[in-house]
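Just run_28.txt here, compact mmCIF, C-alpha atoms:
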```
# COMPACT_ATOMS: atom_id res chain seq x y z
CA MET A 281 -24.30 -37.72 -1.59
CA SER A 282 -20.87 -38.69 -2.77
CA PHE A 283 -17.59 -37.36 -1.50
CA SER A 284 -16.97 -35.30 -4.65
CA ASP A 285 -20.49 -33.82 -4.46
CA SER A 286 -19.81 -32.80 -0.86
CA ILE A 287 -16.54 -31.10 -1.82
CA SER A 288 -18.16 -29.36 -4.79
CA ASP A 289 -20.97 -28.12 -2.57
CA LYS A 290 -18.50 -26.72 -0.03
CA ILE A 291 -16.50 -25.01 -2.80
CA ARG A 292 -19.69 -23.41 -4.21
CA LYS A 293 -20.71 -22.21 -0.76
CA GLY A 294 -17.22 -20.87 -0.06
CA THR A 295 -17.09 -19.10 -3.43
CA ALA A 296 -20.55 -17.59 -2.88
CA ALA A 297 -19.50 -16.38 0.59
CA MET A 298 -16.32 -14.87 -0.82
CA ASN A 299 -18.25 -13.13 -3.60
CA ARG A 300 -20.67 -11.70 -1.02
CA ALA A 301 -17.70 -10.42 1.04
CA VAL A 302 -16.19 -8.79 -2.06
CA ASP A 303 -19.54 -7.21 -2.94
CA ARG A 304 -19.95 -6.00 0.66
CA THR A 305 -16.48 -4.39 0.54
CA LYS A 306 -17.24 -2.70 -2.79
CA LEU A 307 -20.54 -1.35 -1.47
CA ASN A 308 -18.89 -0.08 1.74
CA ASN A 309 -16.22 1.69 -0.35
CA GLN A 310 -18.90 3.28 -2.50
CA ILE A 311 -20.76 4.43 0.63
CA ASP A 312 -17.52 5.97 1.96
CA THR A 313 -16.98 7.78 -1.35
CA VAL A 314 -20.53 9.14 -1.33
CA ASN A 315 -20.14 10.23 2.32
CA ARG A 316 -16.93 12.13 1.50
CA GLN A 317 -18.63 13.83 -1.45
CA ARG A 318 -21.55 14.78 0.79
CA GLN A 319 -19.20 16.22 3.42
CA GLN A 320 -17.42 18.31 0.80
CA LEU A 321 -20.71 19.58 -0.60
CA ALA A 322 -22.04 20.35 2.87
CA ALA A 323 -18.85 22.28 3.63
CA GLN A 324 -19.22 24.25 0.39
CA LEU A 325 -22.86 24.96 1.19
CA GLY A 326 -21.97 26.02 4.71
CA ALA A 327 -19.25 28.34 3.43
CA SER A 328 -21.56 29.94 0.89
CA LEU A 329 -24.38 30.30 3.43
CA TYR A 330 -21.95 31.82 5.93
CA GLU A 331 -20.87 34.45 3.42
CA GLU A 332 -24.52 35.30 2.60
CA THR A 333 -25.80 35.33 6.18
CA LYS A 334 -22.90 36.56 8.34
CA ASP A 335 -24.24 40.12 8.44
CA ASN A 336 -27.91 39.14 8.87
CA SER A 337 -28.91 39.15 12.57
CA ALA A 338 -31.95 36.96 11.88
CA PHE A 339 -29.74 34.12 10.65
CA ARG A 340 -27.09 34.70 13.30
CA SER A 341 -29.63 34.40 16.12
CA GLY A 342 -28.87 31.29 18.13
CA ARG A 343 -25.68 30.65 16.14
CA GLU A 344 -23.58 33.59 17.28
CA SER A 345 -20.77 31.42 18.62
CA LEU A 346 -20.43 29.62 15.27
CA TYR A 347 -20.38 32.87 13.32
CA ASP A 348 -17.91 34.44 15.74
CA SER A 349 -15.64 31.38 15.65
CA ILE A 350 -15.60 31.39 11.84
CA ALA A 351 -14.84 35.13 11.82
CA GLU A 352 -12.00 34.51 14.31
CA CYS A 353 -10.56 31.78 12.03
CA ASP A 354 -10.73 34.18 9.08
CA ALA A 355 -8.88 36.85 11.09
CA GLN A 356 -6.21 34.34 12.18
CA ARG A 357 -5.77 33.18 8.59
CA ALA A 358 -5.37 36.76 7.39
CA ALA A 359 -2.78 37.46 10.11
CA LEU A 360 -0.82 34.32 9.18
CA GLN A 361 -0.91 35.21 5.49
CA ALA A 362 0.42 38.68 6.36
CA GLN A 363 3.28 37.05 8.30
CA LEU A 364 4.08 34.89 5.26
CA ALA A 365 4.15 37.98 3.06
CA ASP A 366 6.51 39.66 5.53
CA LEU A 367 8.82 36.61 5.48
CA ASP A 368 8.86 36.64 1.68
CA ALA A 369 9.66 40.35 1.64
CA ALA A 370 12.46 39.84 4.18
CA ALA A 371 13.91 36.98 2.13
CA SER A 372 14.03 39.11 -0.99
CA ALA A 373 15.54 41.99 1.00
CA ASP A 374 18.29 39.64 2.25
CA GLU A 375 19.23 38.79 -1.34
CA THR A 376 22.38 40.50 -2.48
CA LEU A 377 23.34 41.42 -6.01
CA VAL A 378 26.74 42.24 -7.47
CA CYS A 379 26.85 45.29 -9.67
CA PRO A 380 28.30 44.34 -13.08
CA ASN A 381 29.62 47.88 -13.50
CA CYS A 382 31.56 48.48 -10.27
CA HIS A 383 31.30 45.04 -8.56
CA SER A 384 29.76 46.49 -5.38
CA GLN A 385 27.45 44.27 -3.36
CA ILE A 386 23.92 45.65 -3.22
CA SER A 387 20.88 44.62 -1.20
CA ALA A 388 18.00 43.52 -3.42
CA GLY A 389 15.79 45.99 -1.55
CA ASP A 390 17.91 48.92 -2.74
CA ARG A 391 16.87 50.89 -5.79
CA PHE A 392 20.35 51.96 -6.95
CA CYS A 393 23.92 50.71 -6.65
CA SER A 394 25.75 52.49 -3.84
CA GLY A 395 29.01 52.34 -5.80
CA CYS A 396 28.05 53.72 -9.19
CA GLY A 397 24.34 54.60 -9.06
CA MET A 398 23.19 52.00 -11.59
CA PRO A 399 19.47 51.14 -11.13
CA VAL A 400 18.90 47.75 -9.47
CA GLU A 401 16.35 46.84 -12.16
CA GLN A 402 19.09 47.24 -14.78
CA ILE A 403 21.48 45.13 -12.67
CA ARG A 404 18.85 42.38 -12.36
CA ALA A 405 18.17 42.49 -16.09
CA GLN A 406 21.88 42.12 -16.89
CA GLN A 407 22.25 39.24 -14.42
CA GLN A 408 19.22 37.46 -15.88
CA ALA A 409 20.57 37.96 -19.40
CA SER A 410 24.00 36.60 -18.45
CA ALA A 411 22.40 33.67 -16.63
CA SER A 412 20.33 32.75 -19.68
CA GLU A 413 23.42 33.08 -21.90
CA SER A 414 25.42 30.76 -19.66
CA GLN A 415 22.59 28.22 -19.68
CA THR A 416 22.47 28.18 -23.47
CA ALA A 417 26.26 28.21 -23.99
CA SER A 418 27.66 24.77 -24.71
CA PRO A 419 30.04 23.42 -22.08
CA ALA A 420 33.71 22.88 -22.89
CA THR A 421 34.45 19.36 -24.07
CA CYS A 422 37.52 17.19 -24.22
CA PRO A 423 39.14 17.45 -27.68
CA ARG A 424 39.94 13.75 -27.55
CA CYS A 425 36.69 12.05 -26.46
CA GLY A 426 34.10 14.85 -26.36
CA THR A 427 33.21 14.48 -22.68
CA PRO A 428 32.13 17.75 -21.04
CA ILE A 429 34.88 19.11 -18.82
CA VAL A 430 34.77 21.31 -15.77
CA PRO A 431 36.45 24.68 -16.39
CA GLY A 432 39.91 24.73 -14.83
CA SER A 433 40.40 20.95 -15.10
CA GLN A 434 43.85 19.74 -16.14
CA PHE A 435 42.74 16.25 -17.23
CA CYS A 436 39.65 14.75 -18.83
CA THR A 437 37.86 12.59 -16.28
CA ASN A 438 36.82 10.13 -19.00
CA CYS A 439 39.97 9.45 -21.06
CA GLY A 440 42.79 11.08 -19.08
CA TYR A 441 43.69 13.54 -21.83
CA ARG A 442 45.86 16.35 -20.43
CA LEU A 443 43.87 19.42 -21.36
CA ASP A 444 46.50 22.12 -20.80
CA GLU A 445 49.29 20.46 -22.83
CA GLY A 446 47.45 18.09 -25.18
CA GLN A 447 48.93 14.91 -23.64
CA THR A 448 47.46 11.83 -22.02
CA ALA A 449 48.07 11.44 -18.32
CA SER A 450 49.69 8.02 -18.66
CA SER A 451 52.00 8.38 -21.68
CA GLY A 452 53.23 11.95 -21.52
CA ALA A 453 53.12 12.02 -25.32
CA PRO A 454 50.73 14.13 -27.36
CA ALA A 455 47.50 12.29 -28.13
CA PRO A 456 46.00 12.61 -31.58
CA ASP A 457 42.44 13.89 -31.73
CA ASN A 458 41.15 10.57 -33.07
CA ALA A 459 43.01 8.35 -30.58
CA PRO A 460 40.79 5.81 -28.79
CA ALA A 461 40.00 6.37 -25.13
CA GLU A 462 42.20 4.41 -22.79
```
Written as structure tokens, that's how I'd like the structure from this file.
Amino acid sequence: MSFSDSISDKIRKGTAAMNRAVDRTKLNNQIDTVNRQRQQLAAQLGASLYEETKDNSAFRSGRESLYDSIAECDAQRAALQAQLADLDAAASADETLVCPNCHSQISAGDRFCSGCGMPVEQIRAQQQASASESQTASPATCPRCGTPIVPGSQFCTNCGYRLDEGQTASSGAPAPDNAPAE
């Protein structure tokens, strides 16, 4: 056997061993996937059998502790869900609204404004309408470069245009509308 035949033989054996290791890994992954699917199906079966047999003493016999433990978990879950509902209700009760009619602050849990008697549903509707209007309204833009500006700004943050007097910040002279940005 020549040297090159020996190397070729070792490469074939190494490749075959590596292919077997890859195949073994793939098969182990497939087994894990099937095991997870089986566990999920067994859990679903157990849950459905529990619901069908929880009130049947013949099925409960010898398994009372399991049935009681599951019932205890259900009760704990219901209590925790009730606590979540209470927290959500408290959060909405803490919300305050401002009456658009008299500008009084009102708790969201109230039914009417304490200042003018306007129904809270009407206040909410007006606030939602004004919020949607403000979202669709186009923002103010710089007359020189078109960059959106923050209301109350004196200068454009992009080109330096003085918004309240129509001048650039650097020159002090009026800037024409078509002047290039500095």
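Among the candidate residues A:Asp335, A:Asp303, A:Asp444, A:Asp368, the one lying nearest to Asp348 in chain A is A:Asp335, with distances computed using all atoms listed in the file.
CA of Gln402 in chain A to CA of Pro431 in chain A spans 28.5 Å [interatomic distance, one decimal].
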Arg340 in chain A: which residues within 12 Å, counting all atoms listed in the file, same-chain residues fewer than 6 positions away excluded, as a PyMOL selection string? chain A and resi 329-334+346-348
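The spacing separating CA of Glu352 in chain A from CA of Ala323 in chain A amounts to 17.6 Å.
For the pair CA of Pro399 in chain A and CA of Ala369 in chain A, the separation is 19.4 Å.
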Applying 9 Å and all atoms listed in the file, which residues near Glu375 in chain A remain after dropping the ones on its own chain fewer than 4 positions away? List them as JSON, numbers by chain. {"A": [370, 371, 386, 387, 388, 389]}
